[in-house]
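Engineer: Next up, final-v4.cif (mmCIF, C-alpha atoms).
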```cif
data_target
loop_
_atom_site.label_atom_id
_atom_site.label_comp_id
_atom_site.auth_asym_id
_atom_site.auth_seq_id
_atom_site.Cartn_x
_atom_site.Cartn_y
_atom_site.Cartn_z
CA MET A 7 31.07 6.84 7.04
CA LYS A 8 30.71 8.67 3.71
CA ASN A 9 32.40 5.76 1.96
CA ASN A 10 30.18 3.11 3.50
CA PHE A 11 28.21 1.85 0.49
CA LEU A 12 25.43 0.07 2.40
CA PHE A 13 24.95 3.05 4.70
CA ARG A 14 24.59 5.39 1.74
CA ILE A 15 21.98 3.13 0.12
CA ALA A 16 19.92 3.05 3.32
CA LEU A 17 20.13 6.81 3.79
CA ALA A 18 19.30 7.53 0.16
CA THR A 19 16.18 5.35 0.33
CA VAL A 20 14.74 7.29 3.25
CA VAL A 21 15.76 10.68 1.82
CA VAL A 22 14.24 10.05 -1.61
CA PHE A 23 10.85 8.90 -0.30
CA VAL A 24 10.43 11.51 2.41
CA SER A 25 11.75 14.27 0.13
CA ALA A 26 9.29 13.33 -2.60
CA THR A 27 6.28 13.33 -0.31
CA MET A 28 7.22 16.55 1.47
CA THR A 29 8.03 18.30 -1.80
CA VAL A 30 4.57 17.55 -3.18
CA ALA A 31 3.00 18.63 0.11
CA GLN A 32 4.82 21.95 0.08
CA THR A 33 4.23 22.75 -3.60
CA ALA A 34 0.61 21.66 -4.01
CA ALA A 35 -1.22 20.65 -0.83
CA VAL A 36 0.11 23.76 0.92
CA ASP A 37 -2.45 25.81 -1.03
CA LEU A 38 -5.22 23.81 0.59
CA ILE A 39 -3.72 23.97 4.06
CA GLN A 40 -3.40 27.75 3.72
CA LYS A 41 -7.13 27.99 3.16
CA SER A 42 -8.03 26.21 6.42
CA ALA A 43 -8.72 22.89 4.68
CA LEU A 44 -6.77 20.72 7.10
CA GLN A 45 -9.47 18.08 6.72
CA TYR A 46 -8.50 17.74 3.06
CA ALA A 47 -4.77 17.93 3.74
CA GLY A 48 -5.08 15.15 6.33
CA GLY A 49 -6.67 12.69 3.91
CA TYR A 50 -4.26 13.73 1.17
CA VAL A 51 -1.09 13.04 3.19
CA ASN A 52 -2.34 10.19 5.43
CA PRO A 53 -1.21 7.35 3.09
CA VAL A 54 2.40 8.39 3.74
CA GLY A 55 2.04 7.20 7.33
CA ASN A 56 0.42 3.95 6.22
CA MET A 57 3.15 3.14 3.71
CA LEU A 58 6.00 4.06 6.07
CA SER A 59 4.40 1.85 8.73
CA ALA A 60 4.24 -1.03 6.27
CA VAL A 61 7.92 -0.88 5.26
CA PHE A 62 9.41 0.05 8.64
CA ASN A 63 7.60 -2.80 10.40
CA SER A 64 8.97 -5.34 7.89
CA GLY A 65 12.16 -7.35 7.58
CA GLN A 66 12.80 -7.81 11.30
CA TYR A 67 13.28 -11.58 11.46
CA HIS A 68 14.37 -14.51 9.34
CA THR A 69 13.79 -17.29 11.87
CA ALA A 70 12.12 -17.92 15.21
CA GLU A 71 15.25 -19.62 16.57
CA VAL A 72 17.04 -18.01 19.51
CA SER A 73 20.20 -19.96 20.33
CA GLY A 74 23.87 -19.58 21.13
CA LEU A 75 26.19 -16.59 21.27
CA HIS A 76 26.29 -14.98 17.85
CA ILE A 77 26.10 -11.80 15.79
CA TYR A 78 23.96 -11.53 12.69
CA ALA A 79 24.43 -8.44 10.50
CA SER A 80 22.24 -7.96 7.45
CA LEU A 81 20.77 -5.58 4.94
CA GLN A 82 16.98 -5.83 4.69
CA VAL A 83 15.24 -4.61 1.53
CA THR A 84 11.46 -4.19 1.68
CA GLY A 85 8.97 -3.04 -0.91
CA ALA A 86 5.39 -2.10 -0.06
CA LEU A 87 2.79 -2.38 -2.80
CA VAL A 88 0.56 0.70 -2.81
CA PRO A 89 -3.07 -0.49 -2.90
CA ASP A 90 -5.65 1.40 -4.92
CA ALA A 91 -7.37 2.42 -1.66
CA GLU A 92 -4.29 4.49 -0.74
CA LYS A 93 -4.29 6.38 -4.05
CA THR A 94 -7.67 8.10 -3.77
CA PHE A 95 -9.98 9.39 -1.03
CA SER A 96 -13.41 11.03 -0.81
CA PRO A 97 -13.33 13.99 1.60
CA SER A 98 -16.54 15.54 2.90
CA PHE A 99 -16.45 18.44 5.35
CA TYR A 100 -17.39 22.06 6.01
CA LEU A 101 -14.82 24.74 5.18
CA GLN A 102 -15.04 28.02 7.10
CA THR A 103 -13.25 30.67 5.03
CA ASP A 104 -12.91 32.98 8.08
CA ASN A 105 -12.77 36.21 6.07
CA ASN A 106 -9.61 34.92 4.40
CA ALA A 107 -8.05 37.81 2.45
CA ALA A 108 -6.54 35.38 -0.08
CA LEU A 109 -10.04 34.49 -1.32
CA PRO A 110 -12.30 36.55 -3.59
CA LEU A 111 -14.57 38.93 -1.68
CA GLU A 112 -17.69 36.86 -2.40
CA LEU A 113 -16.15 33.76 -0.77
CA ARG A 114 -14.98 35.39 2.44
CA ASN A 115 -16.61 34.52 5.73
CA LYS A 116 -18.55 31.63 4.18
CA ASN A 117 -19.27 28.17 5.58
CA LEU A 118 -18.92 26.00 2.48
CA PHE A 119 -19.71 22.28 2.31
CA ILE A 120 -16.91 20.49 0.48
CA SER A 121 -17.59 17.02 -0.95
CA LYS A 122 -15.22 15.30 -3.38
CA LYS A 123 -15.31 11.78 -4.83
CA ASP A 124 -12.17 9.72 -5.50
CA VAL A 125 -9.66 12.56 -5.67
CA PRO A 126 -5.93 11.66 -5.56
CA THR A 127 -3.95 11.29 -2.38
CA ILE A 128 -0.25 12.13 -2.33
CA LEU A 129 0.39 8.63 -3.78
CA GLY A 130 -2.26 8.93 -6.48
CA GLY A 131 -2.30 10.37 -9.97
CA ASP A 132 -3.72 13.43 -11.69
CA ALA A 133 -6.51 15.46 -10.07
CA GLY A 134 -8.20 16.13 -13.42
CA GLY A 135 -8.30 19.89 -12.97
CA ALA A 136 -10.72 19.73 -10.02
CA TYR A 137 -10.92 22.54 -7.45
CA LEU A 138 -11.34 22.54 -3.68
CA ILE A 139 -13.96 25.30 -3.91
CA ASP A 140 -16.30 24.85 -6.84
CA THR A 141 -19.53 26.69 -6.15
CA ILE A 142 -22.06 29.13 -7.57
CA ILE A 143 -22.95 32.22 -5.54
CA ASN A 144 -25.39 34.82 -6.93
CA ASN A 145 -25.19 33.13 -10.35
CA GLN A 146 -21.42 33.52 -10.33
CA HIS A 147 -19.33 30.35 -10.70
CA TYR A 148 -16.26 30.27 -8.43
CA GLN A 149 -13.42 27.75 -8.68
CA PHE A 150 -10.62 28.25 -6.24
CA GLY A 151 -7.78 26.10 -4.87
CA GLN A 152 -6.93 23.62 -7.63
CA LEU A 153 -6.55 20.14 -6.15
CA PRO A 154 -2.99 18.82 -6.14
CA PRO A 155 -1.95 15.69 -8.03
CA GLY A 156 -0.07 12.85 -6.41
CA ILE A 157 3.32 11.40 -7.23
CA ASN A 158 1.67 8.38 -8.91
CA GLN A 159 3.57 5.80 -6.87
CA SER A 160 2.76 2.07 -6.88
CA TYR A 161 5.77 0.76 -4.95
CA ILE A 162 7.51 2.12 -1.85
CA PRO A 163 11.01 0.70 -1.14
CA LEU A 164 13.11 0.78 2.01
CA VAL A 165 16.63 -0.46 2.74
CA VAL A 166 17.59 -0.92 6.40
CA PRO A 167 20.76 -2.25 8.11
CA HIS A 168 19.69 -4.80 10.73
CA VAL A 169 21.79 -6.46 13.49
CA GLU A 170 20.96 -9.26 15.95
CA ILE A 171 23.10 -10.01 19.01
CA GLY A 172 22.47 -12.95 21.31
CA SER A 173 21.53 -14.91 22.96
CA PHE A 174 21.43 -14.04 26.65
CA PHE A 175 18.90 -15.82 28.86
CA ASN A 176 17.18 -17.09 25.69
CA THR A 177 16.86 -13.50 24.41
CA GLU A 178 18.31 -11.66 21.41
CA LEU A 179 18.89 -7.92 21.08
CA LEU A 180 17.69 -6.44 17.76
CA LEU A 181 19.18 -3.20 16.41
CA ARG A 182 18.52 -1.39 13.13
CA GLY A 183 18.77 2.07 11.63
CA ILE A 184 21.08 4.83 10.43
CA PRO A 185 22.64 7.66 12.48
CA SER A 186 21.39 11.22 12.08
CA VAL A 187 23.04 12.74 9.01
CA ALA A 188 22.59 16.12 7.32
CA THR A 189 21.20 16.00 3.78
CA ASN A 190 21.54 18.38 0.85
CA THR A 191 17.78 19.07 0.95
CA LYS A 192 15.72 21.56 2.93
CA LEU A 193 14.52 18.74 5.14
CA GLY A 194 17.56 18.93 7.43
CA SER A 195 19.08 15.93 9.17
CA ILE A 196 17.53 12.48 8.83
CA GLY A 197 18.03 9.77 11.43
CA PHE A 198 16.43 6.40 12.10
CA TYR A 199 16.83 3.77 14.80
CA GLY A 200 15.05 0.68 15.99
CA ILE A 201 15.55 -1.49 19.06
CA GLY A 202 13.85 -4.72 20.04
CA LEU A 203 14.03 -8.06 21.80
CA ARG A 204 13.23 -11.60 20.69
CA HIS A 205 12.69 -14.24 23.37
CA SER A 206 12.54 -18.00 22.87
CA LEU A 207 9.51 -19.92 24.08
CA SER A 208 10.89 -23.20 22.76
CA ALA A 209 13.55 -23.12 25.49
CA TYR A 210 10.82 -23.98 27.99
CA VAL A 211 9.58 -26.95 25.92
CA PRO A 212 12.76 -28.56 24.55
CA LEU A 213 11.02 -31.40 22.66
CA LEU A 214 9.05 -29.11 20.35
CA PRO A 215 9.67 -29.96 16.66
CA VAL A 216 9.64 -26.25 15.78
CA ASP A 217 11.15 -23.06 17.18
CA VAL A 218 8.71 -20.61 18.75
CA SER A 219 9.52 -17.10 19.98
CA VAL A 220 7.99 -13.69 20.63
CA MET A 221 9.37 -10.34 19.53
CA VAL A 222 8.80 -6.69 20.35
CA MET A 223 10.37 -3.71 18.55
CA TYR A 224 10.24 0.08 18.70
CA GLN A 225 11.40 2.35 15.85
CA HIS A 226 11.86 6.09 15.45
CA LEU A 227 12.46 8.20 12.33
CA ASN A 228 13.11 11.94 12.38
CA VAL A 229 13.38 14.24 9.39
CA GLY A 230 14.82 17.46 10.80
CA ASP A 231 12.11 19.37 12.62
CA VAL A 232 9.62 18.53 9.87
CA ALA A 233 8.53 14.93 10.40
CA THR A 234 8.67 12.25 13.07
CA LEU A 235 7.59 8.63 12.70
CA THR A 236 7.26 6.30 15.68
CA ALA A 237 6.40 2.64 15.16
CA TRP A 238 6.10 -0.44 17.32
CA ASN A 239 5.14 -4.06 16.80
CA LEU A 240 4.61 -7.26 18.76
CA ALA A 241 4.98 -10.61 16.97
CA ALA A 242 4.67 -14.34 17.60
CA LEU A 243 7.08 -16.36 15.43
CA VAL A 244 7.45 -20.01 14.45
CA SER A 245 10.08 -21.69 12.25
CA ARG A 246 11.28 -25.13 11.21
CA ASP A 247 14.89 -25.92 10.32
CA LEU A 248 15.50 -28.19 7.33
CA PRO A 249 18.82 -29.00 5.62
CA LEU A 250 20.20 -25.70 4.32
CA ILE A 251 16.86 -23.88 4.69
CA THR A 252 14.57 -22.52 7.40
CA ILE A 253 10.85 -22.02 6.86
CA TYR A 254 9.35 -19.32 9.09
CA ALA A 255 6.11 -17.46 9.74
CA GLY A 256 4.87 -14.73 12.06
CA VAL A 257 1.70 -13.03 13.23
CA GLN A 258 2.31 -9.37 14.06
CA LEU A 259 0.37 -6.57 15.73
CA GLU A 260 1.69 -3.11 14.87
CA GLN A 261 1.06 0.62 14.97
CA ALA A 262 2.77 3.73 13.64
CA ARG A 263 2.25 7.46 14.03
CA LEU A 264 3.51 10.14 11.63
CA HIS A 265 3.74 13.75 12.84
CA LEU A 266 4.31 16.57 10.33
CA GLN A 267 5.14 20.01 11.69
CA TYR A 268 6.57 22.93 9.74
CA THR A 269 5.97 26.57 8.88
CA PHE A 270 5.85 28.08 5.42
CA THR A 271 5.58 31.67 4.22
CA ASP A 272 3.24 33.07 1.62
CA ALA A 273 2.66 36.57 0.28
CA ALA A 274 -1.00 36.54 1.30
CA LEU A 275 -0.76 34.40 4.42
CA PRO A 276 2.71 34.64 5.97
CA LEU A 277 4.10 32.24 8.57
CA GLN A 278 1.41 29.59 8.32
CA PRO A 279 2.01 26.68 10.76
CA VAL A 280 1.17 23.12 9.74
CA ASP A 281 0.75 20.49 12.45
CA LEU A 282 -0.72 17.14 11.36
CA THR A 283 -0.63 13.70 13.00
CA PHE A 284 -1.58 10.45 11.27
CA ASN A 285 -2.07 6.98 12.74
CA SER A 286 -1.47 4.03 10.44
CA SER A 287 -4.37 1.81 9.42
CA ASN A 288 -2.09 -1.20 8.91
CA ASN A 289 -2.38 -2.81 12.37
CA MET A 290 -1.90 -6.55 11.76
CA ARG A 291 0.01 -8.73 9.35
CA VAL A 292 0.89 -12.36 8.69
CA THR A 293 4.37 -13.06 7.32
CA VAL A 294 5.71 -16.21 5.65
CA GLY A 295 9.23 -16.69 4.39
CA ALA A 296 12.29 -18.88 3.98
CA THR A 297 15.99 -18.50 4.77
CA ILE A 298 18.75 -20.23 2.81
CA LYS A 299 21.86 -20.89 4.91
CA LEU A 300 25.21 -21.18 3.16
CA LEU A 301 27.80 -21.43 5.94
CA ILE A 302 27.85 -17.90 7.40
CA LEU A 303 25.86 -16.39 4.50
CA TYR A 304 22.10 -16.18 5.02
CA ILE A 305 19.60 -15.11 2.35
CA ASN A 306 15.94 -14.76 3.23
CA GLY A 307 12.81 -13.79 1.34
CA GLN A 308 9.33 -13.12 2.67
CA ILE A 309 5.88 -11.82 1.85
CA THR A 310 3.22 -10.38 4.13
CA ILE A 311 -0.54 -10.70 4.08
CA ALA A 312 -2.00 -7.40 5.27
CA PRO A 313 -4.04 -4.43 4.00
CA ILE A 314 -0.71 -3.13 2.67
CA LYS A 315 1.30 -6.05 1.30
CA THR A 316 5.08 -6.10 1.38
CA ILE A 317 7.78 -8.19 -0.25
CA GLY A 318 11.15 -8.48 1.46
CA LEU A 319 14.65 -9.74 0.75
CA GLY A 320 17.50 -9.93 3.24
CA ILE A 321 21.16 -10.87 2.98
CA GLY A 322 23.42 -11.17 5.99
CA LEU A 323 26.29 -12.85 7.77
CA ARG A 324 25.95 -14.87 10.98
CA ILE A 325 29.05 -15.52 13.08
CA PRO A 326 29.29 -18.31 14.02
CA PRO A 327 26.80 -20.09 11.75
CA SER A 328 24.03 -22.06 13.44
CA LEU A 329 24.01 -25.82 13.16
CA PHE A 330 21.79 -27.31 10.44
#
```
The structure given in the file should be rewritten as structure tokens.

Structural biologist:
Amino acid sequence: MKNNFLFRIALATVVVFVSATMTVAQTAAVDLIQKSALQYAGGYVNPVGNMLSAVFNSGQYHTAEVSGLHIYASLQVTGALVPDAEKTFSPSFYLQTDNNAALPLELRNKNLFISKKDVPTILGGDAGGAYLIDTIINNQHYQFGQLPPGINQSYIPLVVPHVEIGSFFNTELLLRGIPSVATNTKLGSIGFYGIGLRHSLSAYVPLLPVDVSVMVMYQHLNVGDVATLTAWNLAALVSRDLPLITIYAGVQLEQARLHLQYTFTDAALPLQPVDLTFNSSNNMRVTVGATIKLLILYINGQITIAPIKTIGLGIGLRIPPSLF
């Protein structure tokens, strides 16, 4: 398995993105989490769940056709464009310092109102030297907990092996993912799998000039004991076969949940647990694309219309090739 080039690309894609986001969280946002500012940490990290939802729920079909016994094995490459709305946020909340010994004496046991405008999320840029606590008490100006910068990312890629097996009773089995493998990072083992079904509706109306089908898929990503992503989607697909090319489109409902859970140590506040859950805001998309068919070689490209837009490219082999 170590010599499998495509497998290594897929694994590296997941490792690089998750490692980058968790590294920033543990070197910068951790300061805020330590000081009971989970409200800030939630908004800071939340775009990770949205972007992972966008890329993981992409590249799952290249046609609406469900026909004949066949195997289709492909590599799906997806890129999500990070919108400006995912790069900044404006938190507003009360922060109870709870007699926190890591704070100056004058700030302990205070109920402070925190309000920030357009500060960076984990995908944003520089925080401009702003502080979480920036207040004046008894004519003394206190600035504490410098806000973390983001990783300044505008494009999130993902590479996923994808297999289709069918058809049985007008239904295809969809499989994708990588097995759990240990990494050379502190994140531990990373594993990802997805399973789904696509069922033909055209089989019940044989004279339709287009292929129509429905699809459902569930996906699961785990990053050691640190992070878990679960995602599902339900889609209605339509496609039209032309000589050497298939035009396809889909309307998709989707949801994803990212759970971060880990414990870090600090000289002032040892063994601090972090437990955050984020639900994606990207819940619907429209996809349009085309597949070029060259004997058993299939190449497809697609774009999605959604709050988080994605661009996808797939290349695969179908045995035997479908008739065109």

Engineer: Quick one: distance from atom CA of Pro89 of chain A to atom CA of Gly135 of chain A in Å, one decimal?

Structural biologist: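 According to the coordinates, atom CA of Pro89 of chain A and atom CA of Gly135 of chain A are separated by 23.3 Å.
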
Engineer: Using the chain letters and numbers from the file, give me the residues hit by the PyMOL selection byres ((chain A and resi 140) around 9), as number ranges by chain.

Structural biologist: A: 120, 136-139, 141-142, 147-151

Engineer: Please work out which residues fall within 6 Å of (-10.8, 8.7, -2.4), coordinates as given in the file, with all atoms listed in the file counting, and return them as a VMD selection string.

Structural biologist: chain A and resid 94 to 96 123 to 125

Engineer: Could you tell me how far atom CA of Leu323 of chain A sits from atom CA of Ala209 of chain A, in Å to one decimal place?

Structural biologist: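 For atom CA of Ala209 of chain A relative to atom CA of Leu323 of chain A, the distance reads 24.1 Å.
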
Engineer: Check the smallest atom-to-atom distance from each of A:Val229, A:Ala107, A:Ile157, A:Met221 to Ser186 of chain A using only C-alpha atoms, then report the winner.

Structural biologist: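 Between A:Val229, A:Ala107, A:Ile157, A:Met221, the residue approaching Ser186 of chain A most closely is A:Val229.
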
Engineer: On this file, the PyMOL selection byres ((chain A and resi 217) around 7) gives some set of residues; write that set as a list in words.

Structural biologist: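 Checking the PyMOL selection byres ((chain A and resi 217) around 7) against this file, the residues are Ala70, Glu71, Ser208, Val216, Val218, Ser219, Val244, Ser245 and Arg246 of chain A.
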
Engineer: One decimal, Å: what's the distance from atom CA of Asp247 of chain A over to atom CA of Asn306 of chain A, could you say?

Structural biologist: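 If I compute the distance from atom CA of Asp247 of chain A to atom CA of Asn306 of chain A, I get 13.3 Å.
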
Engineer: Which residues are close to Val187 of chain A, i.e. within 7 Å by all atoms listed in the file, leaving aside same-chain residues fewer than 3 positions away? Reply as a list in words.

Structural biologist: Ser195, Ile196 and Gly197 of chain A

Engineer: Return the single residue from A:Tyr78, A:Tyr254, A:Phe99, A:Phe198 that is closest to Thr310 of chain A, with distances computed using all atoms listed in the file.

Structural biologist: A:Tyr254

Engineer: For Thr177 of chain A, which residue among A:Ile309, A:Val220, A:Ile143, A:Leu118 is the nearest when counting all atoms listed in the file?

Structural biologist: A:Val220

Engineer: Would you fill the gaps in segment 280-291 of chain A so it has all heavy atoms, then print it as a JSON list (two decimals), in the frame of the given file?

Structural biologist:
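part_13.json was written with the following content:
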```
[["chain", "number", "residue", "atom", "x", "y", "z"],
["A", 280, "VAL", "N", 1.83, 24.37, 10.09],
["A", 280, "VAL", "CA", 1.17, 23.12, 9.74],
["A", 280, "VAL", "C", 1.52, 22.10, 10.82],
["A", 280, "VAL", "O", 2.69, 21.89, 11.12],
["A", 280, "VAL", "CB", 1.63, 22.61, 8.36],
["A", 280, "VAL", "CG1", 1.01, 21.25, 8.06],
["A", 280, "VAL", "CG2", 1.26, 23.62, 7.28],
["A", 281, "ASP", "N", 0.53, 21.47, 11.40],
["A", 281, "ASP", "CA", 0.75, 20.49, 12.45],
["A", 281, "ASP", "C", -0.27, 19.37, 12.27],
["A", 281, "ASP", "O", -1.44, 19.52, 12.62],
["A", 281, "ASP", "CB", 0.59, 21.14, 13.83],
["A", 281, "ASP", "CG", 1.15, 20.27, 14.94],
["A", 281, "ASP", "OD1", 0.98, 19.04, 14.87],
["A", 281, "ASP", "OD2", 1.77, 20.81, 15.88],
["A", 282, "LEU", "N", 0.16, 18.25, 11.68],
["A", 282, "LEU", "CA", -0.72, 17.14, 11.36],
["A", 282, "LEU", "C", -0.16, 15.85, 11.93],
["A", 282, "LEU", "O", 1.05, 15.61, 11.89],
["A", 282, "LEU", "CB", -0.89, 16.99, 9.85],
["A", 282, "LEU", "CG", -1.45, 18.20, 9.09],
["A", 282, "LEU", "CD1", -1.34, 17.96, 7.59],
["A", 282, "LEU", "CD2", -2.88, 18.46, 9.48],
["A", 283, "THR", "N", -1.03, 15.01, 12.47],
["A", 283, "THR", "CA", -0.63, 13.70, 13.00],
["A", 283, "THR", "C", -1.51, 12.62, 12.38],
["A", 283, "THR", "O", -2.73, 12.77, 12.30],
["A", 283, "THR", "CB", -0.77, 13.66, 14.53],
["A", 283, "THR", "OG1", 0.09, 14.65, 15.11],
["A", 283, "THR", "CG2", -0.37, 12.29, 15.07],
["A", 284, "PHE", "N", -0.86, 11.54, 11.92],
["A", 284, "PHE", "CA", -1.58, 10.45, 11.27],
["A", 284, "PHE", "C", -1.24, 9.13, 11.95],
["A", 284, "PHE", "O", -0.07, 8.83, 12.20],
["A", 284, "PHE", "CB", -1.20, 10.36, 9.79],
["A", 284, "PHE", "CG", -1.27, 11.67, 9.07],
["A", 284, "PHE", "CD1", -0.13, 12.41, 8.83],
["A", 284, "PHE", "CD2", -2.48, 12.18, 8.65],
["A", 284, "PHE", "CE1", -0.19, 13.62, 8.17],
["A", 284, "PHE", "CE2", -2.56, 13.39, 7.99],
["A", 284, "PHE", "CZ", -1.42, 14.12, 7.74],
["A", 285, "ASN", "N", -2.26, 8.32, 12.23],
["A", 285, "ASN", "CA", -2.07, 6.98, 12.74],
["A", 285, "ASN", "C", -2.26, 5.98, 11.60],
["A", 285, "ASN", "O", -3.20, 6.10, 10.81],
["A", 285, "ASN", "CB", -3.06, 6.68, 13.87],
["A", 285, "ASN", "CG", -2.79, 7.50, 15.11],
["A", 285, "ASN", "OD1", -1.65, 7.59, 15.57],
["A", 285, "ASN", "ND2", -3.81, 8.13, 15.64],
["A", 286, "SER", "N", -1.39, 4.99, 11.53],
["A", 286, "SER", "CA", -1.47, 4.03, 10.44],
["A", 286, "SER", "C", -2.71, 3.15, 10.58],
["A", 286, "SER", "O", -3.19, 2.88, 11.68],
["A", 286, "SER", "CB", -0.22, 3.15, 10.42],
["A", 286, "SER", "OG", -0.18, 2.32, 11.58],
["A", 287, "SER", "N", -3.24, 2.73, 9.42],
["A", 287, "SER", "CA", -4.37, 1.81, 9.42],
["A", 287, "SER", "C", -3.92, 0.36, 9.28],
["A", 287, "SER", "O", -4.74, -0.55, 9.37],
["A", 287, "SER", "CB", -5.33, 2.17, 8.27],
["A", 287, "SER", "OG", -4.65, 2.08, 7.02],
["A", 288, "ASN", "N", -2.64, 0.15, 9.04],
["A", 288, "ASN", "CA", -2.09, -1.20, 8.91],
["A", 288, "ASN", "C", -1.70, -1.69, 10.31],
["A", 288, "ASN", "O", -0.63, -1.39, 10.81],
["A", 288, "ASN", "CB", -0.85, -1.17, 8.00],
["A", 288, "ASN", "CG", -0.61, -2.51, 7.33],
["A", 288, "ASN", "OD1", -1.37, -2.93, 6.48],
["A", 288, "ASN", "ND2", 0.46, -3.18, 7.73],
["A", 289, "ASN", "N", -2.58, -2.46, 10.97],
["A", 289, "ASN", "CA", -2.38, -2.81, 12.37],
["A", 289, "ASN", "C", -2.10, -4.29, 12.61],
["A", 289, "ASN", "O", -1.84, -4.69, 13.75],
["A", 289, "ASN", "CB", -3.61, -2.39, 13.19],
["A", 289, "ASN", "CG", -3.83, -0.89, 13.14],
["A", 289, "ASN", "OD1", -2.87, -0.11, 13.21],
["A", 289, "ASN", "ND2", -5.07, -0.47, 13.00],
["A", 290, "MET", "N", -2.16, -5.12, 11.58],
["A", 290, "MET", "CA", -1.90, -6.55, 11.76],
["A", 290, "MET", "C", -1.40, -7.12, 10.44],
["A", 290, "MET", "O", -1.83, -6.71, 9.36],
["A", 290, "MET", "CB", -3.17, -7.27, 12.20],
["A", 290, "MET", "CG", -2.96, -8.75, 12.47],
["A", 290, "MET", "SD", -4.47, -9.54, 13.09],
["A", 290, "MET", "CE", -3.89, -11.24, 13.25],
["A", 291, "ARG", "N", -0.49, -8.05, 10.54],
["A", 291, "ARG", "CA", 0.01, -8.73, 9.35],
["A", 291, "ARG", "C", 0.39, -10.17, 9.66],
["A", 291, "ARG", "O", 0.70, -10.52, 10.80],
["A", 291, "ARG", "CB", 1.21, -7.99, 8.75],
["A", 291, "ARG", "CG", 2.48, -8.13, 9.56],
["A", 291, "ARG", "CD", 3.67, -7.49, 8.87],
["A", 291, "ARG", "NE", 3.57, -6.05, 8.83],
["A", 291, "ARG", "CZ", 4.35, -5.28, 8.08],
["A", 291, "ARG", "NH1", 5.26, -5.82, 7.30],
["A", 291, "ARG", "NH2", 4.23, -3.96, 8.12]]
```
